[in-house]
$ cat coords.txt   # compact mmCIF, C-alpha atoms
# COMPACT_ATOMS: atom_id res chain seq x y z
CA MET F 1 0.00 0.00 0.00
CA ALA F 2 2.92 2.31 0.63
CA GLU F 3 3.84 2.18 -3.02
CA THR F 4 0.49 3.34 -4.23
CA GLN F 5 0.59 6.27 -1.89
CA GLU F 6 3.95 7.39 -3.13
CA SER F 7 2.93 7.31 -6.74
CA ALA F 8 -0.25 9.16 -5.86
CA SER F 9 1.73 12.10 -4.60
CA ALA F 10 3.82 12.22 -7.78
CA GLY F 11 1.00 13.98 -9.62
CA GLN F 12 0.19 11.14 -11.96
CA PRO F 13 -3.24 9.61 -11.87
CA VAL F 14 -2.97 6.28 -10.14
CA GLN F 15 -4.12 3.37 -12.20
CA PRO F 16 -6.98 1.51 -10.64
CA ILE F 17 -6.28 -1.94 -9.36
CA GLN F 18 -8.15 -4.57 -11.26
CA VAL F 19 -9.70 -6.99 -8.87
CA LEU F 20 -10.76 -10.35 -10.16
CA TYR F 21 -14.29 -11.11 -9.07
CA CYS F 22 -15.55 -14.63 -8.95
CA GLY F 23 -17.91 -15.50 -11.77
CA VAL F 24 -20.06 -17.60 -9.50
CA CYS F 25 -20.49 -15.65 -6.28
CA THR F 26 -19.21 -12.21 -7.45
CA PHE F 27 -16.87 -11.93 -4.44
CA PRO F 28 -13.21 -11.17 -4.96
CA VAL F 29 -11.81 -14.65 -5.51
CA GLU F 30 -9.98 -14.72 -2.20
CA TYR F 31 -13.28 -14.45 -0.35
CA CYS F 32 -14.96 -17.34 -2.14
CA GLU F 33 -14.23 -19.55 0.82
CA PHE F 34 -16.66 -17.52 2.86
CA GLY F 35 -19.37 -17.61 0.24
CA SER F 36 -22.11 -20.14 0.02
CA HIS F 37 -21.04 -22.07 -3.05
CA LEU F 38 -17.36 -22.71 -2.55
CA THR F 39 -17.27 -25.91 -4.59
CA ARG F 40 -18.62 -24.24 -7.69
CA CYS F 41 -16.37 -21.21 -7.15
CA LYS F 42 -13.39 -23.51 -7.00
CA GLU F 43 -14.37 -25.19 -10.23
CA TRP F 44 -14.86 -21.86 -11.93
CA LEU F 45 -11.49 -20.56 -10.82
CA HIS F 46 -9.82 -23.79 -11.79
CA GLU F 47 -11.18 -23.50 -15.29
CA THR F 48 -10.69 -19.81 -15.93
CA HIS F 49 -7.60 -18.93 -13.91
CA PRO F 50 -5.62 -22.07 -13.09
CA ASP F 51 -2.62 -20.07 -11.87
CA LEU F 52 -4.69 -18.24 -9.29
CA PHE F 53 -6.36 -21.44 -8.27
CA ASP F 54 -2.98 -22.77 -7.21
CA LYS F 55 -2.34 -19.63 -5.24
CA TYR F 56 -5.49 -19.85 -3.17
CA TYR F 57 -6.24 -23.53 -2.91
CA SER F 58 -2.85 -25.29 -3.05
CA GLU F 59 -1.70 -27.36 -0.10
CA GLU F 60 0.67 -24.70 1.21
CA ALA F 61 -1.96 -21.99 1.09
CA LEU F 62 -4.30 -24.15 3.07
CA GLN F 63 -1.57 -24.95 5.55
CA ALA F 64 -0.76 -21.28 6.02
CA LYS F 65 -4.36 -20.56 6.76
CA LEU F 66 -4.55 -23.33 9.31
CA GLY F 67 -1.62 -21.92 11.18
CA THR F 68 -3.49 -18.87 12.32
CA LEU F 69 -6.51 -20.61 13.74
CA SER F 70 -6.96 -23.16 16.43
CA LEU F 71 -7.91 -26.60 15.18
CA GLU F 72 -11.32 -26.50 16.75
CA ALA F 73 -12.23 -23.19 15.26
CA GLN F 74 -11.09 -24.38 11.86
CA GLU F 75 -13.17 -27.52 12.13
CA LYS F 76 -16.20 -25.55 13.09
CA LEU F 77 -15.65 -23.18 10.24
CA GLU F 78 -15.44 -25.99 7.75
CA LYS F 79 -18.58 -27.54 9.08
CA ASP F 80 -20.36 -24.23 8.84
CA THR F 81 -19.24 -23.71 5.29
CA ALA F 82 -20.41 -27.12 4.26
CA LYS F 83 -23.74 -26.53 5.91
CA LYS F 84 -24.14 -23.16 4.32
CA GLU F 85 -23.31 -24.58 0.94
CA ALA F 86 -25.87 -27.33 1.24
CA LYS F 87 -28.45 -24.83 2.33
CA ALA F 88 -27.75 -22.48 -0.57
CA GLU F 89 -27.92 -25.36 -3.00
CA ALA F 90 -31.25 -26.51 -1.67
CA LYS F 91 -32.55 -22.99 -1.89
CA ALA F 92 -31.40 -22.56 -5.47
CA GLU F 93 -32.97 -25.87 -6.40
CA ALA F 94 -36.25 -24.93 -4.81
CA ALA F 95 -36.23 -21.62 -6.65
CA GLN F 96 -35.55 -23.38 -9.93
CA LYS F 97 -38.36 -25.84 -9.30
CA LYS F 98 -40.74 -23.06 -8.49
CA LYS F 99 -39.73 -21.27 -11.62
CA MET F 100 -40.36 -24.29 -13.79
CA ALA F 101 -43.72 -24.84 -12.16
CA SER F 102 -44.94 -21.27 -12.48
CA GLN F 103 -47.45 -20.61 -15.18
CA ILE F 104 -47.92 -17.92 -17.74
CA THR F 105 -51.54 -16.99 -18.09
CA ILE F 106 -52.70 -15.36 -21.27
CA LYS F 107 -56.14 -14.01 -20.75
CA ARG F 108 -58.51 -12.72 -23.35
CA ILE F 109 -60.78 -10.23 -21.71
CA GLU F 110 -63.92 -9.06 -23.41
CA ARG F 111 -64.28 -5.34 -23.31
CA ASN F 112 -67.24 -4.58 -25.47
CA LYS F 113 -68.82 -7.48 -27.35
CA ARG F 114 -66.35 -7.49 -30.20
CA LYS F 115 -63.43 -5.74 -28.53
CA PHE F 116 -60.86 -7.51 -26.44
CA VAL F 117 -57.76 -6.87 -24.44
CA THR F 118 -55.16 -9.50 -23.76
CA SER F 119 -53.43 -9.71 -20.44
CA VAL F 120 -50.22 -11.68 -20.02
CA HIS F 121 -49.37 -12.66 -16.51
CA GLY F 122 -46.38 -14.52 -15.09
CA LEU F 123 -43.64 -13.55 -17.53
CA GLU F 124 -41.49 -12.02 -14.80
CA ALA F 125 -40.77 -15.45 -13.34
CA PHE F 126 -38.66 -16.16 -16.40
CA ASP F 127 -36.47 -13.09 -16.17
CA VAL F 128 -38.35 -11.13 -18.76
CA ASP F 129 -38.25 -7.38 -18.31
CA LEU F 130 -41.95 -6.55 -18.30
CA LYS F 131 -41.56 -2.98 -19.44
CA LYS F 132 -39.42 -3.99 -22.38
CA ALA F 133 -41.73 -6.85 -23.24
CA ALA F 134 -44.72 -4.51 -23.22
CA LYS F 135 -42.94 -2.19 -25.57
CA PHE F 136 -42.05 -5.11 -27.76
CA PHE F 137 -45.67 -6.25 -27.95
CA ALA F 138 -46.85 -2.75 -28.69
CA GLN F 139 -44.43 -2.51 -31.55
CA LYS F 140 -45.18 -5.95 -32.87
CA PHE F 141 -48.94 -5.63 -32.91
CA ALA F 142 -49.07 -1.88 -33.47
CA THR F 143 -51.37 -1.45 -30.50
CA GLY F 144 -51.12 -0.10 -27.00
CA ALA F 145 -49.48 -2.28 -24.40
CA SER F 146 -48.73 -1.45 -20.82
CA VAL F 147 -47.59 -2.92 -17.55
CA THR F 148 -50.35 -2.71 -14.97
CA LYS F 149 -51.04 -4.06 -11.56
CA ASN F 150 -53.93 -6.48 -11.41
CA PRO F 151 -56.26 -6.60 -8.40
CA LEU F 152 -53.99 -9.09 -6.68
CA GLY F 153 -51.12 -6.65 -6.85
CA ASN F 154 -49.11 -8.56 -9.43
CA ASP F 155 -47.67 -6.93 -12.48
CA GLU F 156 -49.02 -7.99 -15.82
CA ILE F 157 -48.87 -6.84 -19.39
CA VAL F 158 -52.09 -5.68 -20.94
CA VAL F 159 -52.17 -5.52 -24.72
CA GLN F 160 -55.04 -3.95 -26.55
CA GLY F 161 -56.81 -6.18 -29.03
CA ASP F 162 -57.13 -9.92 -29.19
CA VAL F 163 -53.58 -11.10 -29.69
CA SER F 164 -53.64 -14.16 -27.44
CA GLY F 165 -52.99 -16.58 -30.27
CA ASP F 166 -50.10 -14.54 -31.58
CA ILE F 167 -48.48 -14.28 -28.18
CA VAL F 168 -48.69 -18.03 -27.65
CA GLU F 169 -47.06 -18.52 -30.99
CA MET F 170 -44.35 -16.03 -30.17
CA ILE F 171 -43.57 -17.76 -26.92
CA GLU F 172 -43.39 -21.08 -28.68
CA GLN F 173 -40.93 -19.71 -31.17
CA GLY F 174 -39.00 -17.85 -28.50
CA VAL F 175 -38.84 -14.54 -30.35
CA GLY F 176 -36.44 -11.91 -29.06
CA LEU F 177 -37.16 -11.13 -25.44
CA LEU F 178 -39.27 -14.18 -24.94
CA LYS F 179 -36.36 -16.54 -25.34
CA GLY F 180 -36.11 -19.17 -22.66
CA VAL F 181 -39.75 -19.09 -21.73
CA PRO F 182 -41.02 -22.66 -21.79
CA SER F 183 -44.12 -22.98 -23.94
CA ASP F 184 -45.48 -25.85 -21.84
CA ASN F 185 -46.32 -23.48 -19.03
CA VAL F 186 -48.58 -21.29 -21.09
CA VAL F 187 -52.28 -21.33 -20.26
CA GLU F 188 -54.89 -19.58 -22.32
CA VAL F 189 -58.01 -18.33 -20.57
CA GLU F 190 -61.00 -16.40 -21.68
CA GLU F 191 -62.88 -13.98 -19.55
CA LYS F 192 -66.32 -12.74 -20.45
CA LYS F 193 -67.50 -9.45 -19.18
CA LYS F 194 -70.87 -10.71 -18.05
CA LYS F 195 -70.49 -13.07 -15.20
CA GLY F 196 -73.63 -15.13 -15.37
CA GLY F 197 -74.20 -18.80 -14.46
CA GLY F 198 -71.22 -21.10 -14.89
CA ASP F 199 -68.41 -18.90 -16.22
CA MET J 1 -26.81 -0.14 6.56
CA PHE J 2 -27.12 -2.08 3.35
CA LYS J 3 -27.78 -5.53 4.67
CA LYS J 4 -31.27 -5.30 3.28
CA PHE J 5 -31.67 -3.09 0.29
CA SER J 6 -33.90 -3.51 -2.70
CA PRO J 7 -33.93 -0.85 -5.38
CA SER J 8 -37.62 -1.24 -6.12
CA SER J 9 -38.81 -0.38 -2.63
CA ASP J 10 -35.96 1.55 -1.05
CA VAL J 11 -35.15 4.07 -3.74
CA SER J 12 -37.44 7.05 -3.65
CA GLY J 13 -36.14 9.07 -6.55
CA GLN J 14 -33.33 10.01 -8.86
CA THR J 15 -32.28 13.52 -9.73
CA SER J 16 -29.30 14.98 -11.44
CA LEU J 17 -27.39 17.38 -9.25
CA LYS J 18 -26.86 21.08 -9.54
CA SER J 19 -23.34 21.91 -10.53
CA SER J 20 -22.81 23.97 -7.39
CA VAL J 21 -23.74 20.95 -5.29
CA GLN J 22 -21.45 18.79 -7.37
CA ARG J 23 -18.64 21.22 -6.73
CA SER J 24 -19.12 21.08 -3.00
CA ILE J 25 -19.23 17.28 -3.09
CA ARG J 26 -16.03 17.22 -5.09
CA SER J 27 -14.20 19.49 -2.70
CA GLY J 28 -15.62 17.63 0.27
CA ILE J 29 -14.35 14.32 -1.00
CA LEU J 30 -10.97 15.69 -1.97
CA SER J 31 -10.46 17.04 1.52
CA HIS J 32 -11.60 13.90 3.30
CA TRP J 33 -10.18 11.11 1.22
CA LYS J 34 -6.53 10.45 0.74
CA ILE J 35 -6.63 11.03 -2.96
CA ASP J 36 -5.16 13.57 -5.30
CA LEU J 37 -6.94 15.52 -7.95
CA GLU J 38 -5.62 13.66 -10.96
CA THR J 39 -6.69 10.31 -9.68
CA PHE J 40 -10.05 11.57 -8.64
CA GLU J 41 -10.47 13.06 -12.08
CA HIS J 42 -10.13 9.51 -13.32
CA ILE J 43 -12.93 8.28 -11.12
CA TRP J 44 -15.24 11.18 -11.73
CA PRO J 45 -14.30 13.37 -14.71
CA LYS J 46 -15.14 17.00 -14.23
CA LYS J 47 -17.58 17.21 -17.10
CA GLU J 48 -19.64 14.21 -16.12
CA PRO J 49 -22.85 14.97 -14.29
CA LEU J 50 -23.49 13.09 -11.10
CA THR J 51 -26.87 11.62 -10.27
CA LEU J 52 -28.26 11.59 -6.78
CA VAL J 53 -30.27 8.54 -5.85
CA LYS J 54 -32.29 9.14 -2.76
CA CYS J 55 -33.05 6.11 -0.65
CA ARG J 56 -34.82 5.32 2.58
CA ASP J 57 -33.35 6.42 5.91
CA HIS J 58 -31.59 9.46 4.45
CA ILE J 59 -29.16 7.43 2.42
CA SER J 60 -27.98 9.19 -0.70
CA ILE J 61 -26.12 7.27 -3.35
CA TYR J 62 -24.27 9.17 -6.02
CA THR J 63 -24.03 7.48 -9.37
CA LEU J 64 -22.18 8.19 -12.57
CA HIS J 65 -23.92 6.75 -15.63
CA GLY J 66 -25.90 4.47 -13.40
CA GLU J 67 -22.90 3.09 -11.60
CA PRO J 68 -22.78 3.90 -7.89
CA LEU J 69 -19.59 5.74 -6.96
CA PHE J 70 -20.11 6.87 -3.42
CA PHE J 71 -22.80 7.24 -0.82
CA GLN J 72 -23.60 9.21 2.22
CA HIS J 73 -25.83 8.88 5.22
CA PHE J 74 -27.76 12.02 6.08
CA ASP J 75 -25.02 14.64 5.75
CA GLY J 76 -22.27 12.47 7.16
CA PRO J 77 -18.98 11.61 5.51
CA PHE J 78 -18.76 10.24 1.99
CA PHE J 79 -18.05 6.55 1.58
CA PRO J 80 -16.75 5.05 -1.63
CA THR J 81 -18.55 1.96 -2.82
CA LEU J 82 -16.67 -1.24 -2.17
CA ARG J 83 -15.92 -1.80 -5.83
CA LEU J 84 -14.42 1.68 -6.03
CA LEU J 85 -12.43 1.03 -2.89
CA HIS J 86 -11.06 -2.18 -4.41
CA LYS J 87 -9.75 -0.17 -7.32
CA TYR J 88 -8.28 2.60 -5.20
CA PRO J 89 -7.61 1.03 -1.81
CA PHE J 90 -5.62 3.98 -0.49
CA VAL J 91 -8.50 6.46 -0.24
CA LEU J 92 -9.55 5.39 3.23
CA PRO J 93 -7.44 4.58 6.29
CA MET J 94 -7.52 0.90 6.99
CA VAL J 95 -8.11 -1.37 9.91
CA ARG J 96 -7.71 -5.10 9.76
CA ILE J 97 -9.67 -7.81 11.47
CA ASP J 98 -8.46 -11.29 12.30
CA ARG J 99 -9.54 -14.35 10.40
CA GLY J 100 -12.08 -15.45 12.92
CA ALA J 101 -14.07 -12.27 12.47
CA ILE J 102 -14.43 -12.46 8.70
CA ARG J 103 -17.44 -14.71 8.66
CA PHE J 104 -19.24 -12.52 11.16
CA LEU J 105 -18.51 -9.47 9.10
CA LEU J 106 -19.84 -11.22 6.02
CA ALA J 107 -23.03 -11.87 7.93
CA GLY J 108 -23.33 -8.14 8.54
CA ALA J 109 -22.13 -7.84 12.14
CA HIS J 110 -20.39 -4.76 13.48
CA MET J 111 -16.72 -5.20 14.25
CA MET J 112 -15.81 -5.68 17.88
CA CYS J 113 -12.58 -4.32 19.31
CA PRO J 114 -10.92 -7.66 20.12
CA GLY J 115 -11.08 -8.65 16.46
CA MET J 116 -8.84 -5.72 15.63
CA THR J 117 -6.53 -5.72 18.64
CA SER J 118 -5.69 -9.43 18.39
CA LYS J 119 -2.68 -10.80 16.56
CA GLY J 120 -4.25 -10.95 13.13
CA GLY J 121 -5.84 -7.54 13.42
CA TYR J 122 -4.38 -4.13 12.81
CA LEU J 123 -5.15 -0.66 14.06
CA PRO J 124 -3.23 2.45 13.11
CA PRO J 125 -0.34 3.21 15.49
CA ALA J 126 -0.73 5.86 18.17
CA GLU J 127 0.74 8.67 16.06
CA ALA J 128 -1.79 8.05 13.29
CA ALA J 129 -4.73 7.41 15.58
CA LEU J 130 -8.17 7.93 14.12
CA PRO J 131 -10.95 9.70 16.00
CA ALA J 132 -14.41 8.25 16.31
CA GLY J 133 -16.63 8.72 13.29
CA THR J 134 -13.97 8.15 10.64
CA PRO J 135 -14.79 6.07 7.57
CA VAL J 136 -12.39 3.14 7.38
CA ALA J 137 -11.69 0.33 4.99
CA ILE J 138 -11.97 -3.00 6.73
CA HIS J 139 -9.35 -5.43 5.54
CA ALA J 140 -9.01 -9.01 6.63
CA GLU J 141 -6.12 -11.06 7.87
CA GLY J 142 -4.31 -12.82 5.03
CA LYS J 143 -6.41 -11.12 2.35
CA GLU J 144 -5.38 -8.60 -0.20
CA HIS J 145 -8.57 -6.65 -0.76
CA ALA J 146 -10.93 -4.88 1.57
CA VAL J 147 -13.84 -6.90 2.81
CA GLY J 148 -15.99 -4.05 3.99
CA ILE J 149 -16.35 -0.38 4.82
CA GLY J 150 -17.12 0.85 8.26
CA ILE J 151 -17.20 3.89 10.47
CA THR J 152 -15.29 4.02 13.74
CA LYS J 153 -17.43 4.15 16.84
CA LEU J 154 -14.48 4.71 19.17
CA GLY J 155 -11.16 6.38 18.63
CA THR J 156 -8.54 3.82 17.66
CA GLU J 157 -6.56 4.44 20.85
CA GLU J 158 -9.70 3.99 22.86
CA MET J 159 -10.33 0.68 21.14
CA LYS J 160 -6.94 -0.53 22.23
CA ASN J 161 -7.62 0.47 25.83
CA VAL J 162 -11.22 -0.63 26.18
CA ASN J 163 -10.91 -3.70 23.98
CA LYS J 164 -14.55 -4.52 24.32
CA GLY J 165 -17.73 -3.95 22.38
CA VAL J 166 -18.27 -2.41 18.98
CA GLY J 167 -15.22 -0.65 17.57
CA VAL J 168 -16.16 -0.22 13.95
CA GLU J 169 -19.71 -0.14 12.74
CA THR J 170 -20.07 -1.97 9.46
CA VAL J 171 -21.58 0.10 6.69
CA THR J 172 -21.26 -2.19 3.72
CA TYR J 173 -19.49 -5.48 3.06
CA ILE J 174 -19.04 -7.85 0.17
CA GLY J 175 -22.12 -9.90 -0.42
CA ASP J 176 -24.67 -7.50 1.00
CA ASP J 177 -27.53 -6.17 -1.08
CA PHE J 178 -25.62 -3.07 -2.05
CA TRP J 179 -22.79 -5.21 -3.34
CA ALA J 180 -25.21 -7.18 -5.48
CA LEU J 181 -26.39 -3.91 -6.98
CA GLN J 182 -24.02 -3.08 -9.78
CA THR J 183 -26.07 -0.42 -11.52
CA LEU J 184 -28.91 1.77 -10.46

$ encode --input "coords.txt" --output "structure tokens"
Amino acid sequence: MAETQESASAGQPVQPIQVLYCGVCTFPVEYCEFGSHLTRCKEWLHETHPDLFDKYYSEEALQAKLGTLSLEAQEKLEKDTAKKEAKAEAKAEAAQKKKMASQITIKRIERNKRKFVTSVHGLEAFDVDLKKAAKFFAQKFATGASVTKNPLGNDEIVVQGDVSGDIVEMIEQGVGLLKGVPSDNVVEVEEKKKKGGGD
Amino acid sequence: MFKKFSPSSDVSGQTSLKSSVQRSIRSGILSHWKIDLETFEHIWPKKEPLTLVKCRDHISIYTLHGEPLFFQHFDGPFFPTLRLLHKYPFVLPMVRIDRGAIRFLLAGAHMMCPGMTSKGGYLPPAEAALPAGTPVAIHAEGKEHAVGIGITKLGTEEMKNVNKGVGVETVTYIGDDFWALQTL
């Protein structure tokens, strides 16, 4: 650190230090061991920066670390890390499962006998930017499209006109923004304005 | 401060700053941080307009082209973001905590005195003692880069004498919600 200070006073702008951040947990690589997915971090580092991997995870490095801690504390730490990792993995898996199970509802709502609006609900679960998607729909169908909150408080895209069939098709083909949205999860519903007997 | 932070609910508005305010921020930072003009020019070029992002609890984050550069609580001192601190580690005085304390810090705890007075820790020597309320970079034993940013609750000499309780209050650390936020 003393060096950087000296050069700072020499009147030259000091070059920023480039820190390598882990591609898995975004920590600086030396802190991966405290993150919650150490195993994957290790793999990532091993693949992308083998030289650094040796620096942080070689036998000597591990030995040096051990030297500063009592054996008990080290054991506890390792246990904790393993536990944390398992927990994080389970969490990620659950999130993934939930994501795959979540549905996209495309609803055709009758406005006025022959006029419809189409509401698309559930796209955000698949990392689709709703605002951008709405814009995309508006452009595609040359109609108005907006992001609105439905009565339940969830965001949905409302497109003017009956475009439900087209949207299903687009999702199936995975056009542009809609890439990665599984078409199996799409449900089409129709909603009539008059709510009479069995709707 | 940033343990829980979500841009959708905690940010109340973004405005670009008046140039007179920008000037006072610039001079404030230059006088408080250990940084010279040329280097700072690199971080924040003179012509670039700064954006103020107002958040809950009087936190103001200043961004340049959507990238947070520094932040401030109420009208307290300016803190660099951790990523900025990693690039220019000399801007803040540093304290170091021992290895045992790292995992507590990464869970968001404040730093207790013993963690800094023990063998692995480091506090500035008596002639460079820091008063209470100074922003500090928190480094960790055996690590190259800072792990967090904090503000001293006691003077560093006091920490050495008392050796008990909170010494440095953690403001932000790697892995908190502010760290996850790369652009605003």

$ interface_residues --input "coords.txt" --of "chain F" --to "chain J" --cutoff "6 Å" --atoms "all atoms listed in the file" --output "CSV table (one decimal) with C-alpha atoms, in the coordinates of the input"
chain,number,residue,atom,x,y,z
F,13,PRO,CA,-3.2,9.6,-11.9
F,14,VAL,CA,-3.0,6.3,-10.1
F,16,PRO,CA,-7.0,1.5,-10.6
F,17,ILE,CA,-6.3,-1.9,-9.4

$ residues_around --input "coords.txt" --residues "Ser183 in chain F" --least-positions-apart "5" --cutoff "8 Å" --atoms "all atoms listed in the file" --output "JSON, numbers by chain"
{"F": [168, 171, 172]}

$ closest_residue --input "coords.txt" --among "J:Pro7, J:Gly167, J:Pro80, J:Gly13" --to "Met116 in chain J" --atoms "only C-alpha atoms"
J:Gly167

$ atom_distance --input "coords.txt" --atom1 "CA of Phe141 in chain F" --atom2 "CA of Asn112 in chain F"
19.8 Å

$ closest_residue --input "coords.txt" --among "J:Phe71, J:Tyr173, J:Phe104, J:Phe5" --to "Ile138 in chain J" --atoms "all atoms listed in the file"
J:Tyr173

$ atom_distance --input "coords.txt" --atom1 "CA of Gln160 in chain F" --atom2 "CA of Ser102 in chain F"
24.5 Å

$ atom_distance --input "coords.txt" --atom1 "CA of Ser16 in chain J" --atom2 "CA of Glu48 in chain J"
10.8 Å

$ residues_around --input "coords.txt" --residues "Ala86 in chain F" --least-positions-apart "6" --cutoff "10 Å" --atoms "all atoms listed in the file" --output "mmCIF file with C-alpha atoms, in the frame of the given file"
data_model
loop_
_atom_site.group_PDB
_atom_site.id
_atom_site.type_symbol
_atom_site.label_atom_id
_atom_site.label_comp_id
_atom_site.auth_asym_id
_atom_site.auth_seq_id
_atom_site.Cartn_x
_atom_site.Cartn_y
_atom_site.Cartn_z
ATOM 1 C CA SER F 36 -22.110 -20.140 0.020
ATOM 2 C CA HIS F 37 -21.040 -22.070 -3.050
ATOM 3 C CA ASP F 80 -20.360 -24.230 8.840
ATOM 4 C CA ALA F 92 -31.400 -22.560 -5.470
#

$ residues_around --input "coords.txt" --residues "Thr143 in chain F" --least-positions-apart "6" --cutoff "10 Å" --atoms "all atoms listed in the file" --output "ChimeraX atom specification"
/F:135,137,159-161,163

$ residues_around --input "coords.txt" --residues "Tyr62 in chain J" --least-positions-apart "2" --cutoff "8 Å" --atoms "all atoms listed in the file" --output "list in words"
Leu50, Thr51, Leu52, Val53, Ser60, Leu64, Pro68, Leu69, Phe70 and Phe71 of chain J

$ write_last_selection --input "coords.txt" --atoms "C-alpha atoms" --output "short mmCIF file (atom, residue, chain, number, x, y, z; two decimals), in the frame of the given file"
data_model
loop_
_atom_site.label_atom_id
_atom_site.label_comp_id
_atom_site.auth_asym_id
_atom_site.auth_seq_id
_atom_site.Cartn_x
_atom_site.Cartn_y
_atom_site.Cartn_z
CA LEU J 50 -23.49 13.09 -11.10
CA THR J 51 -26.87 11.62 -10.27
CA LEU J 52 -28.26 11.59 -6.78
CA VAL J 53 -30.27 8.54 -5.85
CA SER J 60 -27.98 9.19 -0.70
CA LEU J 64 -22.18 8.19 -12.57
CA PRO J 68 -22.78 3.90 -7.89
CA LEU J 69 -19.59 5.74 -6.96
CA PHE J 70 -20.11 6.87 -3.42
CA PHE J 71 -22.80 7.24 -0.82
#

$ closest_residue --input "coords.txt" --among "F:Phe34, F:Phe136, F:Phe116, F:Trp44" --to "Glu191 in chain F" --atoms "all atoms listed in the file"
F:Phe116

$ residues_around --input "coords.txt" --residues "Asn163 in chain J" --least-positions-apart "2" --cutoff "10 Å" --atoms "all atoms listed in the file" --output "NGL selection string"
:J and (112-118 or 157-161 or 165-167)

$ write_last_selection --input "coords.txt" --atoms "C-alpha atoms" --output "PDB file, in the frame of the given file"
ATOM      1  CA  MET J 112     -15.810  -5.680  17.880  1.00  0.00           C
ATOM      2  CA  CYS J 113     -12.580  -4.320  19.310  1.00  0.00           C
ATOM      3  CA  PRO J 114     -10.920  -7.660  20.120  1.00  0.00           C
ATOM      4  CA  GLY J 115     -11.080  -8.650  16.460  1.00  0.00           C
ATOM      5  CA  MET J 116      -8.840  -5.720  15.630  1.00  0.00           C
ATOM      6  CA  THR J 117      -6.530  -5.720  18.640  1.00  0.00           C
ATOM      7  CA  SER J 118      -5.690  -9.430  18.390  1.00  0.00           C
ATOM      8  CA  GLU J 157      -6.560   4.440  20.850  1.00  0.00           C
ATOM      9  CA  GLU J 158      -9.700   3.990  22.860  1.00  0.00           C
ATOM     10  CA  MET J 159     -10.330   0.680  21.140  1.00  0.00           C
ATOM     11  CA  LYS J 160      -6.940  -0.530  22.230  1.00  0.00           C
ATOM     12  CA  ASN J 161      -7.620   0.470  25.830  1.00  0.00           C
ATOM     13  CA  GLY J 165     -17.730  -3.950  22.380  1.00  0.00           C
ATOM     14  CA  VAL J 166     -18.270  -2.410  18.980  1.00  0.00           C
ATOM     15  CA  GLY J 167     -15.220  -0.650  17.570  1.00  0.00           C
TER      16      GLY J 167
END

$ residues_near_point --input "coords.txt" --point "(-62.6, -17.0, -21.9)" --cutoff "9 Å" --atoms "only C-alpha atoms" --output "VMD selection string"
chain F and resid 107 to 110 188 to 192 199

$ residues_near_point --input "coords.txt" --point "(-23.6, -6.1, 14.9)" --cutoff "8 Å" --atoms "only C-alpha atoms" --output "ChimeraX atom specification"
/J:108-111,166,169-170

$ closest_residue --input "coords.txt" --among "F:Ser119, F:Ile167, F:Gln96, F:Phe126" --to "Val147 in chain F" --atoms "all atoms listed in the file"
F:Ser119
